[in-house]
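One structure is given here, and the rest of the page talks about it.
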Amino acid sequence: MNALFQSELNVINVGMEAFTQDIEAQGGHSQQLDWMPPGYGNEAVLEALKVLEQPENAAKIAEANERVFERVTSASIYLTGYGRALDVVPGMKKNLILHAGPPIKWENMNGPMQGAVLGAVVFEGFADTLEGARAVIEAGEIEFSPCHEHQAVGSMAGVTSASMYMHIVENKTYGNVAYTNLSEQLSKILRMGANDQSVIDRLIWMRDVFGPMLAEAMTFIEGGIDLRLLAAQAVHMGDELHNRNVAGTVLLIQALTPGIIQTSFSVADQKEVFDFIASSDYFSGPTWMAFCKAALDAAVGVEEYSSIVTTMARNGTEFGIRLASMGATDWFVGPSQKVIGPMFAGYTEEDSGLDIGDSAITETFGLGGFAMAAAPAIVALVGGTVADALDYTQSMEEITTGQNPNITIPSLNFMGLPSGIDIIKVIQRNTLPVINTAIAHKEAGIGMIGAGITYPPYEAFVKAIIAFSKKFK
């Protein structure tokens with residue numbers, strides 16, 4: 001013992017960081033080990049892990065997850081058309097408005113979502129003013145449902161109404177279809193909660209010109225557009241296909257142009273569409289959301305013992321996840337989180353609404369925050385450094401099932417996207433999925449005010465793993 005204290009101390013400390021600080025203050029060397037027990041020591045979670053880690057159960061889960069991973073990463077997925085939501089989305093009705101995230105009532109919606117809903121009610125002609133729209137809603141004349149429960153996804157507020165034009169994206173390997181509405185491009189837009197007359201006028205133009213032109217253009221593109229191929233190319237060109245879509249938009253409009261110029265629309269209308277697409281790189285953003293949705297939905301309900309996440313979605317109040325082994329209405333939720341990142345000039349963190357949108361379907365697939373190593377330029381929008389972008393991607397390997405061999409990251413020696421979020425690994429490692437996303441103002445009518453990084457609430461994964469463990473009891 002005397003020899004120990006007379007020698008130079010080199011300590012690894014597990015626990016309170018104050019011990020490390022005391023040792024260093026006295027001239028010793030101490031390495032702080034950042035460790036917590038799985039599930040942060042939650043007894044119910046530890047009991048669930050005990051069940052799931054039993055060799056027989058672990059083998060079942062591993063086999064199921066491998067099959068789900070294969071379904072999600074190997075499918076051939078094509079953009080095959082565009083159409084009105086009322087005509088193509090399952091269960092759509094004239095007075096139904098779809099929204100992002102898990103189910104939510106009107107009175108519980110945050111500012112941006114309520115603002116978007118009010119704008120959609122005016123756009124659909126149920127009222128002439130926003131005040132009138134509120135009266136229509138409060139009279140119970142409008143119904144609400146999550147996009148995800150109608151084979152659809154929606155950016156930010158995700159508000160989708162009957163007259164809006166939708167992408168039609170087909171999983172040709174497994175036969176399912178996914179839908180999402182068109183990009184409004186600018187920051188003052190319905191999906192961000194803006195709803196003044198300029199927003200309504202843009203939606204009318206999209207309904208009467210933009211959507212019909214894209215729908216007609218697709219009739220000249222035999223077999224559709226191979227989105228998996230385009231996604232792989234775009235990632236190699238520096239996109240992560242959630243908030244950076246420079247290459248993705250170039251590739252998509254390149255594929256659409258031969259069809260657009262053959263449509264019956266005037267050259268002036270065609271130019272207006274091309275100018276609109278050129279106004280923002282986000283034109284293809286919704287396309288990749290529908291691509292990811294089509295890939296992940298093919299895995300829902302096919303493997304009873306899979307612990308893979310097939311949905312992460314936020315409604316601005318709650319964050320919900322769904323599992324491959326559960327039903328379409330089995331949501332596990334926790335509170336929406338703050339998004340931390342650079343704000344546009346004139347705004348502060350106090351102005352920001354909570355995390356919102358279905359666009360985390362990209363991270364659920366392995367794009368977005370999971371693919372930031374492929375898109376280092378994204379840090380100019382969401383904050384951080386190039387080293388951070390690399391770290392985000394590599395850290396996601398710890399909580400996923402495998403590497404997607406069909407979409408790879410050049411800067412990591414062509415490593416495949418980390419794919420197949422496993423709730424067991426999330427809990428075992430106390431590591432949450434990383435999401436990069438836009439920030440909407442907390443009040444209705446303003447729109448996008450920044451972008452940054454956020455994470456799901458830990459509570460959602462706790463609820464999911466406890467429910468999942470009951471399959472083995």
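Convention: chains lettered A, B, ... in structure tokens order; per-chain residue numbering from 1; ligands numbered from 1 as shown.
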With only C-alpha atoms as the counted atoms, please give the residues lying no more than 6 Å from Cys147 in chain A, apart from itself and same-chain residues fewer than 3 positions off, as a list in words.
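The neighbour list is Leu98, His99, Ala100, His150, Ala152 and Val153 of chain A.
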Those same residues - all heavy atoms - I'd like them written as a PDB file, in the first residue's frame.
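Output file selection_38.pdb follows:
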```
ATOM      1  N   LEU A  98     -54.235  15.283 -42.596  1.00  0.00           N
ATOM      2  CA  LEU A  98     -53.171  14.451 -42.028  1.00  0.00           C
ATOM      3  C   LEU A  98     -52.098  15.366 -41.424  1.00  0.00           C
ATOM      4  O   LEU A  98     -51.882  16.478 -41.885  1.00  0.00           O
ATOM      5  CB  LEU A  98     -52.552  13.565 -43.109  1.00  0.00           C
ATOM      6  CG  LEU A  98     -53.514  12.679 -43.905  1.00  0.00           C
ATOM      7  CD1 LEU A  98     -52.744  11.816 -44.898  1.00  0.00           C
ATOM      8  CD2 LEU A  98     -54.360  11.812 -42.987  1.00  0.00           C
ATOM      9  N   HIS A  99     -51.428  14.849 -40.397  1.00  0.00           N
ATOM     10  CA  HIS A  99     -50.391  15.632 -39.720  1.00  0.00           C
ATOM     11  C   HIS A  99     -49.189  14.749 -39.422  1.00  0.00           C
ATOM     12  O   HIS A  99     -49.272  13.526 -39.468  1.00  0.00           O
ATOM     13  CB  HIS A  99     -50.933  16.234 -38.421  1.00  0.00           C
ATOM     14  CG  HIS A  99     -51.395  15.197 -37.432  1.00  0.00           C
ATOM     15  ND1 HIS A  99     -50.525  14.467 -36.656  1.00  0.00           N
ATOM     16  CD2 HIS A  99     -52.650  14.773 -37.092  1.00  0.00           C
ATOM     17  CE1 HIS A  99     -51.204  13.631 -35.886  1.00  0.00           C
ATOM     18  NE2 HIS A  99     -52.496  13.799 -36.130  1.00  0.00           N
ATOM     19  N   ALA A 100     -48.089  15.372 -39.079  1.00  0.00           N
ATOM     20  CA  ALA A 100     -46.863  14.654 -38.730  1.00  0.00           C
ATOM     21  C   ALA A 100     -46.981  14.031 -37.345  1.00  0.00           C
ATOM     22  O   ALA A 100     -47.761  14.471 -36.500  1.00  0.00           O
ATOM     23  CB  ALA A 100     -45.669  15.589 -38.782  1.00  0.00           C
ATOM     24  N   HIS A 150     -51.562   6.426 -42.791  1.00  0.00           N
ATOM     25  CA  HIS A 150     -52.170   6.421 -44.124  1.00  0.00           C
ATOM     26  C   HIS A 150     -51.098   6.203 -45.199  1.00  0.00           C
ATOM     27  O   HIS A 150     -51.242   6.696 -46.323  1.00  0.00           O
ATOM     28  CB  HIS A 150     -52.909   7.736 -44.365  1.00  0.00           C
ATOM     29  CG  HIS A 150     -54.100   7.923 -43.472  1.00  0.00           C
ATOM     30  ND1 HIS A 150     -55.387   7.626 -43.867  1.00  0.00           N
ATOM     31  CD2 HIS A 150     -54.185   8.347 -42.184  1.00  0.00           C
ATOM     32  CE1 HIS A 150     -56.214   7.876 -42.866  1.00  0.00           C
ATOM     33  NE2 HIS A 150     -55.513   8.310 -41.833  1.00  0.00           N
ATOM     34  N   ALA A 152     -48.293   7.492 -45.475  1.00  0.00           N
ATOM     35  CA  ALA A 152     -47.738   8.769 -45.905  1.00  0.00           C
ATOM     36  C   ALA A 152     -46.780   9.340 -44.876  1.00  0.00           C
ATOM     37  O   ALA A 152     -46.717   8.887 -43.727  1.00  0.00           O
ATOM     38  CB  ALA A 152     -48.866   9.768 -46.174  1.00  0.00           C
ATOM     39  N   VAL A 153     -46.036  10.340 -45.298  1.00  0.00           N
ATOM     40  CA  VAL A 153     -45.166  11.110 -44.415  1.00  0.00           C
ATOM     41  C   VAL A 153     -45.281  12.581 -44.809  1.00  0.00           C
ATOM     42  O   VAL A 153     -45.570  12.904 -45.961  1.00  0.00           O
ATOM     43  CB  VAL A 153     -43.686  10.667 -44.493  1.00  0.00           C
ATOM     44  CG1 VAL A 153     -43.434   9.428 -43.658  1.00  0.00           C
ATOM     45  CG2 VAL A 153     -43.245  10.427 -45.940  1.00  0.00           C
TER      46      VAL A 153
END
```
Can you work out which one of A:Glu170, A:Glu272, A:Glu363, A:Glu141 has the shortest atom-to-atom distance to Leu241 in chain A, counting only C-alpha atoms?
A:Glu363
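Proximity to range 218-226 of chain A at 7 Å, evaluated using only C-alpha atoms and with sequence-adjacent residues fewer than 5 positions away removed, yields Ile77, Tyr78, Leu79, Thr80, Gly81 and Gly259 of chain A.
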I need the chosen residues saved as a PDB file, in the first residue's frame, with N, CA and C atoms.
```pdb
ATOM      1  N   ILE A  77     -37.078   0.564 -55.160  1.00  0.00           N
ATOM      2  CA  ILE A  77     -38.120   1.544 -54.871  1.00  0.00           C
ATOM      3  C   ILE A  77     -38.107   2.631 -55.944  1.00  0.00           C
ATOM      4  N   TYR A  78     -39.284   2.897 -56.515  1.00  0.00           N
ATOM      5  CA  TYR A  78     -39.401   3.796 -57.651  1.00  0.00           C
ATOM      6  C   TYR A  78     -40.446   4.880 -57.404  1.00  0.00           C
ATOM      7  N   LEU A  79     -40.142   6.080 -57.881  1.00  0.00           N
ATOM      8  CA  LEU A  79     -41.153   7.119 -58.019  1.00  0.00           C
ATOM      9  C   LEU A  79     -41.924   6.801 -59.288  1.00  0.00           C
ATOM     10  N   THR A  80     -43.225   6.546 -59.156  1.00  0.00           N
ATOM     11  CA  THR A  80     -44.009   6.123 -60.320  1.00  0.00           C
ATOM     12  C   THR A  80     -45.084   7.126 -60.722  1.00  0.00           C
ATOM     13  N   GLY A  81     -45.317   8.152 -59.910  1.00  0.00           N
ATOM     14  CA  GLY A  81     -46.321   9.124 -60.304  1.00  0.00           C
ATOM     15  C   GLY A  81     -46.573  10.166 -59.251  1.00  0.00           C
ATOM     16  N   GLY A 259     -39.795  14.252 -69.217  1.00  0.00           N
ATOM     17  CA  GLY A 259     -41.244  14.170 -69.129  1.00  0.00           C
ATOM     18  C   GLY A 259     -41.900  15.530 -69.079  1.00  0.00           C
TER      19      GLY A 259
END
```
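The residue set within 8 Å of Gly383 in chain A, counting only C-alpha atoms and dropping same-chain residues fewer than 5 places from it, reads Gly341, Pro342, Ile378, Gly452 and Ile453 of chain A.
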Next, the residues of the selection above should be written as a short mmCIF file (atom, residue, chain, number, x, y, z; two decimals), in the first residue's frame with all heavy atoms.
```
data_model
loop_
_atom_site.label_atom_id
_atom_site.label_comp_id
_atom_site.auth_asym_id
_atom_site.auth_seq_id
_atom_site.Cartn_x
_atom_site.Cartn_y
_atom_site.Cartn_z
N GLY A 341 -29.11 24.46 -32.51
CA GLY A 341 -28.32 24.78 -33.69
C GLY A 341 -28.41 26.25 -34.04
O GLY A 341 -29.05 27.05 -33.34
N PRO A 342 -27.76 26.65 -35.14
CA PRO A 342 -27.73 28.06 -35.54
C PRO A 342 -29.13 28.59 -35.87
O PRO A 342 -29.94 27.89 -36.48
CB PRO A 342 -26.85 28.06 -36.80
CG PRO A 342 -26.09 26.78 -36.74
CD PRO A 342 -26.97 25.80 -36.04
N ILE A 378 -23.10 20.01 -44.42
CA ILE A 378 -24.33 20.19 -43.66
C ILE A 378 -24.10 20.95 -42.36
O ILE A 378 -24.99 21.59 -41.82
CB ILE A 378 -25.00 18.82 -43.37
CG1 ILE A 378 -26.44 18.99 -42.85
CG2 ILE A 378 -24.20 18.01 -42.39
CD1 ILE A 378 -27.41 19.54 -43.85
N GLY A 452 -30.75 22.48 -36.75
CA GLY A 452 -29.80 21.98 -35.76
C GLY A 452 -29.90 20.49 -35.55
O GLY A 452 -30.37 19.74 -36.41
N ILE A 453 -29.47 20.06 -34.37
CA ILE A 453 -29.39 18.65 -33.99
C ILE A 453 -30.31 18.39 -32.81
O ILE A 453 -30.42 19.21 -31.90
CB ILE A 453 -27.95 18.27 -33.60
CG1 ILE A 453 -26.99 18.48 -34.78
CG2 ILE A 453 -27.88 16.84 -33.09
CD1 ILE A 453 -27.21 17.56 -35.95
#
```
Spatial neighbours of Asn181 in chain A, max dist 10 Å, only C-alpha atoms, sep filter under 6 positions, as a list in words
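Using only C-alpha atoms, the neighbours found are Tyr82, Gly83, Arg84, Ala85, Ala152, Val153, Gly154, Ser155, Gly158, Val159, Thr160, Ser161, Met164, Tyr165, Met166, His167, Ile168, Gly211, Pro286, Thr287 and Ala290 of chain A.
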Those same residues - C-alpha atoms - I'd like them written as a PDB file, in the first residue's frame.
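The file below, selection-v6.pdb, is the result:
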```
ATOM      1  CA  TYR A  82     -48.001  12.077 -58.644  1.00  0.00           C
ATOM      2  CA  GLY A  83     -51.663  12.456 -57.760  1.00  0.00           C
ATOM      3  CA  ARG A  84     -54.165  14.307 -55.572  1.00  0.00           C
ATOM      4  CA  ALA A  85     -54.251  13.063 -51.991  1.00  0.00           C
ATOM      5  CA  ALA A 152     -47.738   8.769 -45.905  1.00  0.00           C
ATOM      6  CA  VAL A 153     -45.166  11.110 -44.415  1.00  0.00           C
ATOM      7  CA  GLY A 154     -45.098  14.898 -44.105  1.00  0.00           C
ATOM      8  CA  SER A 155     -42.281  17.385 -43.501  1.00  0.00           C
ATOM      9  CA  GLY A 158     -46.777  17.441 -42.135  1.00  0.00           C
ATOM     10  CA  VAL A 159     -50.193  18.927 -42.831  1.00  0.00           C
ATOM     11  CA  THR A 160     -51.689  17.230 -45.874  1.00  0.00           C
ATOM     12  CA  SER A 161     -55.167  17.948 -47.231  1.00  0.00           C
ATOM     13  CA  MET A 164     -52.634  18.567 -52.354  1.00  0.00           C
ATOM     14  CA  TYR A 165     -50.588  16.628 -54.894  1.00  0.00           C
ATOM     15  CA  MET A 166     -48.583  13.692 -53.590  1.00  0.00           C
ATOM     16  CA  HIS A 167     -45.566  11.664 -54.660  1.00  0.00           C
ATOM     17  CA  ILE A 168     -46.489   8.051 -55.404  1.00  0.00           C
ATOM     18  CA  GLY A 211     -48.753  18.985 -59.334  1.00  0.00           C
ATOM     19  CA  PRO A 286     -39.953  14.924 -49.611  1.00  0.00           C
ATOM     20  CA  THR A 287     -39.052  12.378 -52.304  1.00  0.00           C
ATOM     21  CA  ALA A 290     -41.315   8.695 -49.259  1.00  0.00           C
TER      22      ALA A 290
END
```
With only C-alpha atoms as the counted atoms, please give the residues lying no more than 9 Å from range 412-422 of chain A, apart from itself and same-chain residues fewer than 2 positions off, as a PyMOL selection string.
chain A and resi 65+68-69+72-73+306-310+363-367+370-371+373-374+390+393-394+396-410+424-427+433
Which of range 242-438 of chain A fall in helix (DSSP H, G or I), as number ranges by chain
A: 246-260, 267-278, 281-297, 349-351, 361-365, 368-374, 376-382, 386-399, 410-412, 423-429
For the selection just defined, write its residues with C-alpha atoms to a file, as an mmCIF file, in the first residue's frame.
```cif
data_model
loop_
_atom_site.group_PDB
_atom_site.id
_atom_site.type_symbol
_atom_site.label_atom_id
_atom_site.label_comp_id
_atom_site.auth_asym_id
_atom_site.auth_seq_id
_atom_site.Cartn_x
_atom_site.Cartn_y
_atom_site.Cartn_z
ATOM 1 C CA VAL A 246 -28.271 19.653 -53.564
ATOM 2 C CA ALA A 247 -27.265 16.576 -55.534
ATOM 3 C CA GLY A 248 -30.551 14.796 -54.940
ATOM 4 C CA THR A 249 -32.535 17.648 -56.452
ATOM 5 C CA VAL A 250 -30.218 17.907 -59.471
ATOM 6 C CA LEU A 251 -30.540 14.167 -60.113
ATOM 7 C CA LEU A 252 -34.306 14.139 -59.655
ATOM 8 C CA ILE A 253 -35.028 17.086 -61.924
ATOM 9 C CA GLN A 254 -32.625 15.603 -64.480
ATOM 10 C CA ALA A 255 -34.785 12.457 -64.485
ATOM 11 C CA LEU A 256 -38.075 14.422 -64.614
ATOM 12 C CA THR A 257 -37.140 16.959 -67.294
ATOM 13 C CA PRO A 258 -37.704 14.719 -70.373
ATOM 14 C CA GLY A 259 -41.244 14.170 -69.129
ATOM 15 C CA ILE A 260 -41.908 17.792 -68.163
ATOM 16 C CA VAL A 267 -43.591 26.842 -72.196
ATOM 17 C CA ALA A 268 -44.340 29.707 -69.814
ATOM 18 C CA ASP A 269 -45.852 27.260 -67.285
ATOM 19 C CA GLN A 270 -42.917 24.891 -67.714
ATOM 20 C CA LYS A 271 -40.448 27.727 -67.125
ATOM 21 C CA GLU A 272 -42.359 28.736 -63.997
ATOM 22 C CA VAL A 273 -42.036 25.172 -62.696
ATOM 23 C CA PHE A 274 -38.312 25.013 -63.471
ATOM 24 C CA ASP A 275 -37.780 28.402 -61.798
ATOM 25 C CA PHE A 276 -39.694 27.207 -58.738
ATOM 26 C CA ILE A 277 -37.612 24.036 -58.456
ATOM 27 C CA ALA A 278 -34.434 26.087 -58.878
ATOM 28 C CA ASP A 281 -32.443 22.645 -53.114
ATOM 29 C CA TYR A 282 -35.224 21.112 -51.007
ATOM 30 C CA PHE A 283 -37.377 20.078 -54.006
ATOM 31 C CA SER A 284 -36.276 16.436 -53.637
ATOM 32 C CA GLY A 285 -36.427 16.376 -49.805
ATOM 33 C CA PRO A 286 -39.953 14.924 -49.611
ATOM 34 C CA THR A 287 -39.052 12.378 -52.304
ATOM 35 C CA TRP A 288 -36.423 10.790 -50.072
ATOM 36 C CA MET A 289 -38.862 10.727 -47.170
ATOM 37 C CA ALA A 290 -41.315 8.695 -49.259
ATOM 38 C CA PHE A 291 -38.435 6.481 -50.425
ATOM 39 C CA CYS A 292 -37.483 5.712 -46.824
ATOM 40 C CA LYS A 293 -41.125 5.194 -45.836
ATOM 41 C CA ALA A 294 -41.623 2.694 -48.665
ATOM 42 C CA ALA A 295 -38.501 0.786 -47.604
ATOM 43 C CA LEU A 296 -39.383 0.656 -43.905
ATOM 44 C CA ASP A 297 -43.089 -0.096 -44.295
ATOM 45 C CA GLU A 349 -33.487 29.790 -29.001
ATOM 46 C CA GLU A 350 -36.429 31.291 -27.093
ATOM 47 C CA ASP A 351 -38.313 31.652 -30.387
ATOM 48 C CA ILE A 361 -38.022 8.718 -41.360
ATOM 49 C CA THR A 362 -34.735 9.457 -43.143
ATOM 50 C CA GLU A 363 -32.722 8.796 -39.974
ATOM 51 C CA THR A 364 -34.858 5.708 -39.307
ATOM 52 C CA PHE A 365 -33.652 4.380 -42.672
ATOM 53 C CA GLY A 368 -30.038 12.348 -42.453
ATOM 54 C CA GLY A 369 -28.096 12.542 -39.205
ATOM 55 C CA PHE A 370 -26.882 8.969 -39.693
ATOM 56 C CA ALA A 371 -25.253 9.909 -43.018
ATOM 57 C CA MET A 372 -23.670 13.233 -42.058
ATOM 58 C CA ALA A 373 -20.187 11.850 -42.714
ATOM 59 C CA ALA A 374 -21.140 11.861 -46.399
ATOM 60 C CA PRO A 376 -19.767 17.538 -44.193
ATOM 61 C CA ALA A 377 -21.135 20.778 -45.667
ATOM 62 C CA ILE A 378 -24.335 20.193 -43.659
ATOM 63 C CA VAL A 379 -22.607 21.552 -40.556
ATOM 64 C CA ALA A 380 -22.879 25.047 -42.048
ATOM 65 C CA LEU A 381 -26.658 24.688 -41.591
ATOM 66 C CA VAL A 382 -27.043 22.605 -38.431
ATOM 67 C CA VAL A 386 -16.698 18.259 -39.944
ATOM 68 C CA ALA A 387 -15.280 16.014 -37.211
ATOM 69 C CA ASP A 388 -18.703 16.091 -35.542
ATOM 70 C CA ALA A 389 -20.349 14.978 -38.790
ATOM 71 C CA LEU A 390 -18.008 11.983 -38.983
ATOM 72 C CA ASP A 391 -18.572 11.157 -35.319
ATOM 73 C CA TYR A 392 -22.362 11.240 -35.656
ATOM 74 C CA THR A 393 -22.296 8.608 -38.388
ATOM 75 C CA GLN A 394 -19.788 6.350 -36.686
ATOM 76 C CA SER A 395 -21.588 6.497 -33.337
ATOM 77 C CA MET A 396 -24.783 5.283 -34.992
ATOM 78 C CA GLU A 397 -23.062 1.985 -35.830
ATOM 79 C CA GLU A 398 -23.382 1.129 -32.133
ATOM 80 C CA ILE A 399 -27.183 1.092 -32.201
ATOM 81 C CA PRO A 410 -17.003 7.470 -49.543
ATOM 82 C CA SER A 411 -15.335 9.360 -46.666
ATOM 83 C CA LEU A 412 -15.604 6.256 -44.455
ATOM 84 C CA ILE A 423 -34.137 -0.583 -29.432
ATOM 85 C CA ILE A 424 -32.130 -3.138 -27.437
ATOM 86 C CA LYS A 425 -28.817 -1.593 -28.501
ATOM 87 C CA VAL A 426 -30.150 1.908 -27.835
ATOM 88 C CA ILE A 427 -30.958 0.905 -24.252
ATOM 89 C CA GLN A 428 -27.830 -1.217 -23.688
ATOM 90 C CA ARG A 429 -25.539 1.611 -24.800
#
```
Please identify all polymer residues within 12 Å of Pro457 in chain A, counting only C-alpha atoms, omitting same-chain residues fewer than 5 positions from it, and present them as a VMD selection string.
chain A and resid 312 to 314 317 to 321 332 to 338 354 to 355 426 430 to 435 462 to 464
Go ahead and save the picked residues with C-alpha atoms, as an mmCIF file, in the first residue's frame.
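Once everything was written out, this is part.cif:
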```
data_model
loop_
_atom_site.group_PDB
_atom_site.id
_atom_site.type_symbol
_atom_site.label_atom_id
_atom_site.label_comp_id
_atom_site.auth_asym_id
_atom_site.auth_seq_id
_atom_site.Cartn_x
_atom_site.Cartn_y
_atom_site.Cartn_z
ATOM 1 C CA MET A 312 -39.558 7.967 -35.724
ATOM 2 C CA ALA A 313 -41.958 10.909 -35.966
ATOM 3 C CA ARG A 314 -42.773 14.093 -34.066
ATOM 4 C CA THR A 317 -45.698 18.007 -28.732
ATOM 5 C CA GLU A 318 -44.786 14.316 -28.635
ATOM 6 C CA PHE A 319 -42.150 12.165 -30.301
ATOM 7 C CA GLY A 320 -43.295 8.668 -31.272
ATOM 8 C CA ILE A 321 -41.582 5.504 -32.449
ATOM 9 C CA PHE A 332 -44.413 4.619 -28.002
ATOM 10 C CA VAL A 333 -44.132 8.284 -27.140
ATOM 11 C CA GLY A 334 -42.282 10.842 -25.067
ATOM 12 C CA PRO A 335 -42.090 14.640 -25.109
ATOM 13 C CA SER A 336 -40.729 16.437 -28.178
ATOM 14 C CA GLN A 337 -37.271 17.890 -27.585
ATOM 15 C CA LYS A 338 -35.535 21.170 -28.298
ATOM 16 C CA LEU A 354 -40.053 21.870 -30.257
ATOM 17 C CA ASP A 355 -38.916 19.116 -32.618
ATOM 18 C CA VAL A 426 -30.150 1.908 -27.835
ATOM 19 C CA ASN A 430 -27.629 4.560 -23.589
ATOM 20 C CA THR A 431 -27.142 6.038 -27.058
ATOM 21 C CA LEU A 432 -30.045 7.749 -28.814
ATOM 22 C CA PRO A 433 -30.430 8.189 -32.600
ATOM 23 C CA VAL A 434 -29.151 11.542 -33.863
ATOM 24 C CA ILE A 435 -31.472 13.694 -35.976
ATOM 25 C CA VAL A 462 -38.117 2.693 -22.451
ATOM 26 C CA LYS A 463 -41.804 2.144 -23.213
ATOM 27 C CA ALA A 464 -40.967 0.282 -26.416
#
```
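The closest residue to Ala178 in chain A, picked from A:Pro90, A:Gly140, A:Pro102, A:Pro38 and counting only C-alpha atoms, is A:Pro90.
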